[in-house]
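Worksheet: one structure, shown below.
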There are 2 protein chains.
Amino acid sequence: MREGDLLGYMDECRELVVAEIRDILPKADRYRPVLYDLILDYPLREAKAIRPSLCVATCRALGGRMESVLRSAAVLEFYHNAFLVHDDVEDGSEFRRDAPTLHRTHGVPIAVNVGDAMLALALEPLLDNMASLGLGKAIRILHLVGRMARETAEGQALELGWIRTREWDLTDTDYLRMVYKKTSWYTFVAPMLAGAIVAGAEPACLVALRKFAVSLGLAFQIQDDVLNLTADRTHYGKEIGGDLWEGKHTLILLHALRSASPSERRRAHAILAKPRPTSPAVTDDGDLVASTERLARLVDELRRAGDVTARGHTALRRAVRRTDRDTGCKTDADIAVLRALIAKHRSIEAAKAVARRWAALAHARLDALHGWLGRSVHREFLEALVDFVVERSR
Amino acid sequence: MREGDLLGYMDECRELVVAEIRDILPKADRYRPVLYDLILDYPLREAKAIRPSLCVATCRALGGRMESVLRSAAVLEFYHNAFLVHDDVEDGSEFRRDAPTLHRTHGVPIAVNVGDAMLALALEPLLDNMASLGLGKAIRILHLVGRMARETAEGQALELGWIRTREWDLTDTDYLRMVYKKTSWYTFVAPMLAGAIVAGAEPACLVALRKFAVSLGLAFQIQDDVLNLTADRTHYGKEIGGDLWEGKHTLILLHALRSASPSERRRAHAILAKPRPTSPAVTDDGDLVASTERLARLVDELRRAGDVTARGHTALRRAVRRTDRDTGCKTDADIAVLRALIAKHRSIEAAKAVARRWAALAHARLDALHGWLGRSVHREFLEALVDFVVERSR
């Protein structure tokens, strides 16, 4: 399957799942403007739709029916979009998929509640599965979603804990365990197993699918980390280099730190220990200028114009610096140091090689599934996806 | 039952449910410090434990067993504490139950993730109910929790929407609908019905219990609004007058606005349209002083000392004011105006009268349940609780 067909397949799945989400949302007019329209905001934005596509493709490749799987695929999208809304609040992100984030448009309280509401609304459709799929399948999907949510929270907790405690004494295995939970389970294992359960797959098939999904997820995340540093700004939806600013733990950075000399490593640790600058405030004039920066400039100008004495200037500059919550934050020069370290030790190439090894393992694990997956466009999609996750530029 | 016994009953229920929560939490050491210890933080703080007590008392009053109901009671506490953690992030609260809020101690990202993890962990114990209670009861509790989560999110969305759009053209019915969802369903209906389902109550009994729970919830919330304005700071866990600062929609304020003259009303609307001042920052010196306030004071002092010219003073004060995100926020004088309006129109007394009417209705609805609820300490607890919710001082 060519990349164009692969993207077309994902687009179709996305449209079907968005329609299903609309169908699931309560219709009460009173709550539409304050809740249900906001819940639809992120799902309606352009996205790759990897999770719905994996869920649909696995179900169909195993002989399951499209109508049977859409509700579960939609529930996984509820979870995904709830986490996106909350992640944007956590990170103070300004844009998501080329539009302002929900909390920037509607404020943090409404955004947090929208995320909670999406998590709340995930439960009832999973109970509806009891009528449409039968009790056994419905209960197995409920267990699956419960496990997924727990794995995701644990993976996220590991990563946030490392950032918080500035823990860099980590092995590749630590990183892979975190990604197994945060990415493999959440984006690959849960959608594929949900599709397989709907299709009535036997236990041995579920085990083989899980192994395939885990390796595919690891390859996907490592390539995601690579793209975060190397992608073309026009294609990549997120901020280039954002992982370095946030001090995220990637295979790339772990490789660079491990390869570095003791003095290089000390310098990198010092940089990584600094917080990210808070985002600049938009002034009344519409300028994007940090207010403290503007104040500091004004104080300097007044000093030059003779409106402030040397003593006054010192006191004001000290006060402005104390007001500046950005003091001691990472700078562009800091990020350049980290990038130079990564380039020197060819850490991106090292990470790419690891991603390719996981993708090769995914191919082998998919081949092992051929006894269960007959020839179909859906199996072709899964095959093409393995190459796509490590070759993609967005 | 005397108030001391009532508080003792609630304390016992709280301890049993906290033990159950400990039992539910995964034991993996790796995730304890970054996740599971943080999940336990709020549940371990002193609280009234109304929800667990209602759940246990209803189950026991109907002849159900303590061991059968604890898991469901614990799940409702997961939901409750998840919402508390998220509410504190939304409101930027500094303290919860006399200790710093989770996001203040561990940062917003970790706090939002802890809330999400608690919502995630609610699912698996509800599925465990299938083995211990049987399929029918377990599925009914799952539906109940799904409905509760949706009602809560809708109630919260209504209230946040009113605050966001500065909507004050509301009737008492609008307020009661919001409270029905935000308080009655969440704090009273769901815990009581969960207890009743575990005890195997018949449908007519569930309907009668729901009616009782709804009226009790309305009485409870109106008294909560009253306490927010009148409580003794040492007993009340929250900020006195916080509802006025946040511009929350209460029966009290709606009554005052409705009773006000057109000019009083215009003035009150103008005050309510102003945002709440952002909380003061803690300075390096440990002082709780808003940084802009400190800067403004410094500029004034330097002017008096002759270190800044009149021209420089004007420019600096304008810049500091522009930096101050608190500009145009509510002031103490504003809150005093609102309090005076409430006092003039005796709006607290009016709200108290409404709370007493709902409590009287709750008593009548509880009497109607006597055919199902035999004489027991648990029924006595429910009876005493009706008086407690409208007479309590905390």
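To be explicit about the labels: the chains of the structure tokens are called A, B, and onward in the order shown, and within each one the residues are counted from 1, while ligands get numbers from 1 in the order they are shown.
In chain B, the set of residues within 6 Å of chain A (atoms considered: only C-alpha atoms) is Val34, Leu35, Glu90, Val108, Pro109, Ala117, Ala120, Leu123, Glu124, Gly146, Ala149, Arg150, Ala153, Ala157, Gly161, Ser291, Asp307, Val308, Thr309, Gly312 and Thr323 of chain B.
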Same residues, all heavy atoms, output as a short mmCIF file (atom, residue, chain, number, x, y, z; two decimals), in the first residue's frame:
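Just written: result27.cif:
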data_model
loop_
_atom_site.label_atom_id
_atom_site.label_comp_id
_atom_site.auth_asym_id
_atom_site.auth_seq_id
_atom_site.Cartn_x
_atom_site.Cartn_y
_atom_site.Cartn_z
N VAL B 34 5.77 8.21 42.57
CA VAL B 34 5.37 9.16 41.52
C VAL B 34 3.87 9.17 41.28
O VAL B 34 3.36 10.08 40.61
CB VAL B 34 6.08 8.89 40.18
CG1 VAL B 34 7.57 9.18 40.30
CG2 VAL B 34 5.84 7.46 39.68
N LEU B 35 3.13 8.19 41.82
CA LEU B 35 1.70 8.17 41.51
C LEU B 35 0.84 7.75 42.71
O LEU B 35 -0.01 8.52 43.17
CB LEU B 35 1.43 7.25 40.31
CG LEU B 35 -0.01 7.26 39.78
CD1 LEU B 35 -0.42 8.65 39.35
CD2 LEU B 35 -0.17 6.29 38.61
N GLU B 90 -8.02 24.20 38.65
CA GLU B 90 -8.89 25.15 37.94
C GLU B 90 -8.96 26.49 38.66
O GLU B 90 -8.89 27.56 38.05
CB GLU B 90 -10.31 24.59 37.81
CG GLU B 90 -10.41 23.37 36.91
CD GLU B 90 -11.80 22.74 36.95
OE1 GLU B 90 -12.77 23.42 37.33
OE2 GLU B 90 -11.92 21.56 36.59
N VAL B 108 1.50 21.59 38.46
CA VAL B 108 0.24 21.34 37.76
C VAL B 108 0.27 20.05 36.93
O VAL B 108 -0.69 19.27 36.99
CB VAL B 108 -0.14 22.56 36.87
CG1 VAL B 108 -1.26 22.22 35.91
CG2 VAL B 108 -0.55 23.74 37.75
N PRO B 109 1.35 19.76 36.17
CA PRO B 109 1.30 18.55 35.34
C PRO B 109 1.05 17.29 36.17
O PRO B 109 0.18 16.48 35.84
CB PRO B 109 2.69 18.51 34.69
CG PRO B 109 3.14 19.93 34.67
CD PRO B 109 2.57 20.54 35.92
N ALA B 117 -5.50 9.76 36.76
CA ALA B 117 -5.22 8.39 37.19
C ALA B 117 -6.31 7.89 38.12
O ALA B 117 -6.72 6.73 38.06
CB ALA B 117 -3.86 8.33 37.89
N ALA B 120 -9.13 6.93 36.10
CA ALA B 120 -8.81 5.68 35.41
C ALA B 120 -8.95 4.49 36.33
O ALA B 120 -9.49 3.44 35.96
CB ALA B 120 -7.39 5.74 34.85
N LEU B 123 -12.38 2.36 37.21
CA LEU B 123 -13.06 1.37 36.36
C LEU B 123 -12.86 -0.07 36.83
O LEU B 123 -13.83 -0.83 36.99
CB LEU B 123 -12.59 1.55 34.91
CG LEU B 123 -13.31 0.71 33.85
CD1 LEU B 123 -14.82 0.85 33.94
CD2 LEU B 123 -12.83 1.12 32.45
N GLU B 124 -11.61 -0.46 37.09
CA GLU B 124 -11.35 -1.88 37.40
C GLU B 124 -12.08 -2.38 38.66
O GLU B 124 -12.66 -3.46 38.64
CB GLU B 124 -9.84 -2.17 37.39
CG GLU B 124 -9.31 -2.12 35.94
CD GLU B 124 -7.84 -2.51 35.76
OE1 GLU B 124 -6.97 -1.71 36.13
OE2 GLU B 124 -7.58 -3.60 35.23
N GLY B 146 -21.65 5.98 35.50
CA GLY B 146 -21.58 6.69 34.22
C GLY B 146 -22.53 7.87 34.20
O GLY B 146 -22.17 8.99 33.80
N ALA B 149 -21.24 10.67 36.53
CA ALA B 149 -20.12 11.43 35.98
C ALA B 149 -20.64 12.41 34.93
O ALA B 149 -20.18 13.56 34.84
CB ALA B 149 -19.09 10.49 35.37
N ARG B 150 -21.63 11.99 34.13
CA ARG B 150 -22.18 12.88 33.10
C ARG B 150 -22.95 14.03 33.75
O ARG B 150 -22.79 15.19 33.37
CB ARG B 150 -23.08 12.08 32.16
CG ARG B 150 -23.69 12.93 31.06
CD ARG B 150 -24.27 12.08 29.93
NE ARG B 150 -25.23 11.08 30.38
CZ ARG B 150 -26.49 11.36 30.73
NH1 ARG B 150 -26.94 12.60 30.69
NH2 ARG B 150 -27.31 10.39 31.12
N ALA B 153 -20.48 16.54 35.20
CA ALA B 153 -19.80 17.35 34.18
C ALA B 153 -20.77 18.38 33.60
O ALA B 153 -20.38 19.53 33.34
CB ALA B 153 -19.26 16.44 33.07
N ALA B 157 -20.39 22.32 33.91
CA ALA B 157 -20.34 23.09 32.66
C ALA B 157 -21.33 24.25 32.71
O ALA B 157 -21.03 25.36 32.25
CB ALA B 157 -20.63 22.19 31.46
N GLY B 161 -20.00 27.96 32.61
CA GLY B 161 -20.51 28.75 31.47
C GLY B 161 -21.12 30.07 31.94
O GLY B 161 -20.88 31.12 31.35
N SER B 291 3.79 40.68 43.29
CA SER B 291 5.03 41.29 42.83
C SER B 291 4.78 42.68 42.25
O SER B 291 5.59 43.58 42.44
CB SER B 291 5.68 40.39 41.79
OG SER B 291 4.75 40.12 40.78
N ASP B 307 15.01 59.61 43.58
CA ASP B 307 15.78 58.80 42.64
C ASP B 307 15.08 58.66 41.28
O ASP B 307 15.62 58.06 40.35
CB ASP B 307 16.03 57.40 43.22
CG ASP B 307 17.14 57.45 44.27
OD1 ASP B 307 18.18 58.07 43.98
OD2 ASP B 307 16.94 56.89 45.37
N VAL B 308 13.85 59.14 41.20
CA VAL B 308 13.07 59.05 39.95
C VAL B 308 12.39 60.39 39.73
O VAL B 308 11.84 60.97 40.68
CB VAL B 308 12.01 57.92 40.06
CG1 VAL B 308 11.05 57.96 38.88
CG2 VAL B 308 12.68 56.55 40.14
N THR B 309 12.45 60.91 38.49
CA THR B 309 11.77 62.18 38.18
C THR B 309 10.26 61.94 38.07
O THR B 309 9.80 60.80 38.01
CB THR B 309 12.26 62.74 36.83
OG1 THR B 309 11.87 61.81 35.81
CG2 THR B 309 13.78 62.91 36.82
N GLY B 312 9.62 60.07 34.92
CA GLY B 312 9.99 58.66 35.07
C GLY B 312 8.96 57.93 35.92
O GLY B 312 8.58 56.79 35.62
N THR B 323 1.68 45.81 33.54
CA THR B 323 2.21 44.49 33.84
C THR B 323 1.26 43.73 34.77
O THR B 323 1.17 42.52 34.74
CB THR B 323 3.56 44.60 34.57
OG1 THR B 323 4.36 45.49 33.83
CG2 THR B 323 4.24 43.26 34.67
#
Neighbours of range 244-260 of chain A within 8 Å (only C-alpha atoms; same-chain residues fewer than 5 positions away dropped), as JSON, numbers by chain? {"A": [159, 162, 163, 168, 170, 171, 172, 175, 222, 225, 226, 265, 268, 272, 273, 275, 276, 330, 335, 338, 341, 342, 345, 346, 347, 348, 350, 351]}
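Note that the spacing between CA of Arg210 in chain A and CA of Val75 in chain B amounts to 29.0 Å.
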Calculate how many Å separate CA of Lys27 in chain A from CA of Arg65 in chain A, rounding to one decimal. 26.8 Å
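Residue nearest His370 in chain A, chosen from A:Thr314, A:His80, A:Ala61, A:Arg166 and counting only C-alpha atoms: A:Ala61.
Using only C-alpha atoms, the protein and nucleic acid residues lying no more than 12 Å from Lys211 in chain A, apart from those fewer than 5 places from it along its own chain, are A:Tyr180, A:Ser184, A:Trp185, A:Phe188, A:Val189, A:Ala190, A:Met192, A:Leu193, A:Ala204, A:Cys205, A:Leu206, A:Leu216, A:Gly217, A:Leu218, A:Trp358, A:Ala359, A:Leu361, A:Ala362, A:His363, A:Ala364, A:Arg365, A:Leu366, A:Asp367, A:Ala368, A:Leu369.
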Serialized selection, N, CA, C and O atoms, as a JSON list (two decimals), in the first residue's frame:
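As a result, again18.json now contains:
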[["chain", "number", "residue", "atom", "x", "y", "z"],
["A", 180, "TYR", "N", 6.59, 1.99, 26.59],
["A", 180, "TYR", "CA", 5.69, 0.83, 26.52],
["A", 180, "TYR", "C", 4.33, 1.19, 27.10],
["A", 180, "TYR", "O", 3.28, 0.88, 26.55],
["A", 184, "SER", "N", 2.97, 2.65, 23.66],
["A", 184, "SER", "CA", 2.58, 1.36, 23.09],
["A", 184, "SER", "C", 1.19, 0.94, 23.56],
["A", 184, "SER", "O", 0.32, 0.60, 22.76],
["A", 185, "TRP", "N", 0.97, 0.98, 24.87],
["A", 185, "TRP", "CA", -0.32, 0.52, 25.38],
["A", 185, "TRP", "C", -1.46, 1.40, 24.91],
["A", 185, "TRP", "O", -2.49, 0.93, 24.45],
["A", 188, "PHE", "N", -1.32, 1.84, 20.62],
["A", 188, "PHE", "CA", -1.26, 0.66, 19.76],
["A", 188, "PHE", "C", -1.95, -0.56, 20.36],
["A", 188, "PHE", "O", -2.82, -1.15, 19.74],
["A", 189, "VAL", "N", -1.55, -0.96, 21.58],
["A", 189, "VAL", "CA", -2.10, -2.20, 22.14],
["A", 189, "VAL", "C", -3.61, -2.09, 22.33],
["A", 189, "VAL", "O", -4.38, -2.95, 21.87],
["A", 190, "ALA", "N", -4.07, -1.05, 23.02],
["A", 190, "ALA", "CA", -5.49, -0.95, 23.34],
["A", 190, "ALA", "C", -6.36, -0.88, 22.08],
["A", 190, "ALA", "O", -7.33, -1.63, 21.95],
["A", 192, "MET", "N", -5.73, -1.94, 19.00],
["A", 192, "MET", "CA", -5.70, -3.19, 18.25],
["A", 192, "MET", "C", -6.43, -4.30, 18.99],
["A", 192, "MET", "O", -7.21, -5.06, 18.38],
["A", 193, "LEU", "N", -6.21, -4.42, 20.30],
["A", 193, "LEU", "CA", -6.89, -5.50, 21.04],
["A", 193, "LEU", "C", -8.40, -5.25, 21.09],
["A", 193, "LEU", "O", -9.18, -6.20, 21.03],
["A", 204, "ALA", "N", -4.63, -16.79, 21.69],
["A", 204, "ALA", "CA", -3.28, -16.83, 21.13],
["A", 204, "ALA", "C", -3.07, -15.69, 20.12],
["A", 204, "ALA", "O", -2.00, -15.10, 20.02],
["A", 205, "CYS", "N", -4.12, -15.37, 19.39],
["A", 205, "CYS", "CA", -4.05, -14.27, 18.43],
["A", 205, "CYS", "C", -3.89, -12.94, 19.15],
["A", 205, "CYS", "O", -3.12, -12.07, 18.73],
["A", 206, "LEU", "N", -4.61, -12.79, 20.27],
["A", 206, "LEU", "CA", -4.50, -11.55, 21.06],
["A", 206, "LEU", "C", -3.07, -11.36, 21.57],
["A", 206, "LEU", "O", -2.53, -10.25, 21.54],
["A", 216, "LEU", "N", 5.63, -2.00, 17.49],
["A", 216, "LEU", "CA", 5.25, -0.89, 16.61],
["A", 216, "LEU", "C", 5.22, 0.42, 17.39],
["A", 216, "LEU", "O", 5.67, 1.47, 16.92],
["A", 217, "GLY", "N", 4.69, 0.36, 18.61],
["A", 217, "GLY", "CA", 4.60, 1.57, 19.45],
["A", 217, "GLY", "C", 5.96, 2.12, 19.82],
["A", 217, "GLY", "O", 6.17, 3.34, 19.81],
["A", 218, "LEU", "N", 6.91, 1.22, 20.13],
["A", 218, "LEU", "CA", 8.26, 1.67, 20.48],
["A", 218, "LEU", "C", 8.90, 2.35, 19.26],
["A", 218, "LEU", "O", 9.49, 3.44, 19.39],
["A", 358, "TRP", "N", 13.17, -2.02, 15.98],
["A", 358, "TRP", "CA", 11.83, -2.33, 16.49],
["A", 358, "TRP", "C", 10.83, -2.49, 15.34],
["A", 358, "TRP", "O", 9.93, -3.33, 15.40],
["A", 359, "ALA", "N", 10.99, -1.70, 14.28],
["A", 359, "ALA", "CA", 10.10, -1.82, 13.13],
["A", 359, "ALA", "C", 10.31, -3.17, 12.44],
["A", 359, "ALA", "O", 9.34, -3.83, 12.02],
["A", 361, "LEU", "N", 11.31, -5.87, 13.90],
["A", 361, "LEU", "CA", 10.69, -6.86, 14.78],
["A", 361, "LEU", "C", 9.16, -6.85, 14.58],
["A", 361, "LEU", "O", 8.51, -7.89, 14.57],
["A", 362, "ALA", "N", 8.60, -5.63, 14.41],
["A", 362, "ALA", "CA", 7.16, -5.52, 14.18],
["A", 362, "ALA", "C", 6.78, -6.25, 12.89],
["A", 362, "ALA", "O", 5.78, -6.98, 12.85],
["A", 363, "HIS", "N", 7.58, -6.09, 11.84],
["A", 363, "HIS", "CA", 7.31, -6.81, 10.59],
["A", 363, "HIS", "C", 7.29, -8.32, 10.82],
["A", 363, "HIS", "O", 6.38, -9.02, 10.38],
["A", 364, "ALA", "N", 8.30, -8.80, 11.55],
["A", 364, "ALA", "CA", 8.38, -10.24, 11.81],
["A", 364, "ALA", "C", 7.17, -10.71, 12.63],
["A", 364, "ALA", "O", 6.59, -11.77, 12.36],
["A", 365, "ARG", "N", 6.78, -9.89, 13.60],
["A", 365, "ARG", "CA", 5.64, -10.26, 14.44],
["A", 365, "ARG", "C", 4.33, -10.21, 13.65],
["A", 365, "ARG", "O", 3.39, -10.95, 13.94],
["A", 366, "LEU", "N", 4.26, -9.31, 12.68],
["A", 366, "LEU", "CA", 3.06, -9.25, 11.83],
["A", 366, "LEU", "C", 3.01, -10.48, 10.92],
["A", 366, "LEU", "O", 1.94, -11.07, 10.71],
["A", 367, "ASP", "N", 4.20, -10.88, 10.41],
["A", 367, "ASP", "CA", 4.25, -12.09, 9.57],
["A", 367, "ASP", "C", 3.73, -13.30, 10.37],
["A", 367, "ASP", "O", 3.01, -14.13, 9.83],
["A", 368, "ALA", "N", 4.09, -13.34, 11.66],
["A", 368, "ALA", "CA", 3.66, -14.46, 12.50],
["A", 368, "ALA", "C", 2.15, -14.48, 12.68],
["A", 368, "ALA", "O", 1.57, -15.48, 13.10],
["A", 369, "LEU", "N", 1.50, -13.37, 12.33],
["A", 369, "LEU", "CA", 0.04, -13.28, 12.48],
["A", 369, "LEU", "C", -0.70, -13.72, 11.22],
["A", 369, "LEU", "O", -1.94, -13.73, 11.20]]
I'd like the interatomic distance between CA of Tyr186 in chain B and CA of Ala47 in chain B, to a tenth of an Å.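 Pair CA of Tyr186 in chain B / CA of Ala47 in chain B returns 16.5 Å.
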Run DSSP on the backbone and tell me which residues of range 61-164 of chain A come out as strand (DSSP E); list them as number ranges by chain. A: 95-96, 99-100
Could you dump the residues just selected with N, CA, C and O atoms as a CSV table (one decimal), in the first residue's frame?
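Result file part_31.csv:
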chain,number,residue,atom,x,y,z
A,95,PHE,N,-0.9,26.2,21.0
A,95,PHE,CA,-1.6,25.8,19.8
A,95,PHE,C,-1.7,24.2,19.8
A,95,PHE,O,-0.8,23.6,20.4
A,96,ARG,N,-2.7,23.7,19.2
A,96,ARG,CA,-2.9,22.3,19.0
A,96,ARG,C,-3.5,22.1,17.6
A,96,ARG,O,-4.6,22.7,17.3
A,99,ALA,N,-4.5,25.4,15.7
A,99,ALA,CA,-5.5,26.4,16.2
A,99,ALA,C,-5.2,26.6,17.7
A,99,ALA,O,-4.5,25.7,18.4
A,100,PRO,N,-5.7,27.6,18.3
A,100,PRO,CA,-5.5,27.9,19.8
A,100,PRO,C,-6.0,26.7,20.6
A,100,PRO,O,-7.0,26.1,20.3
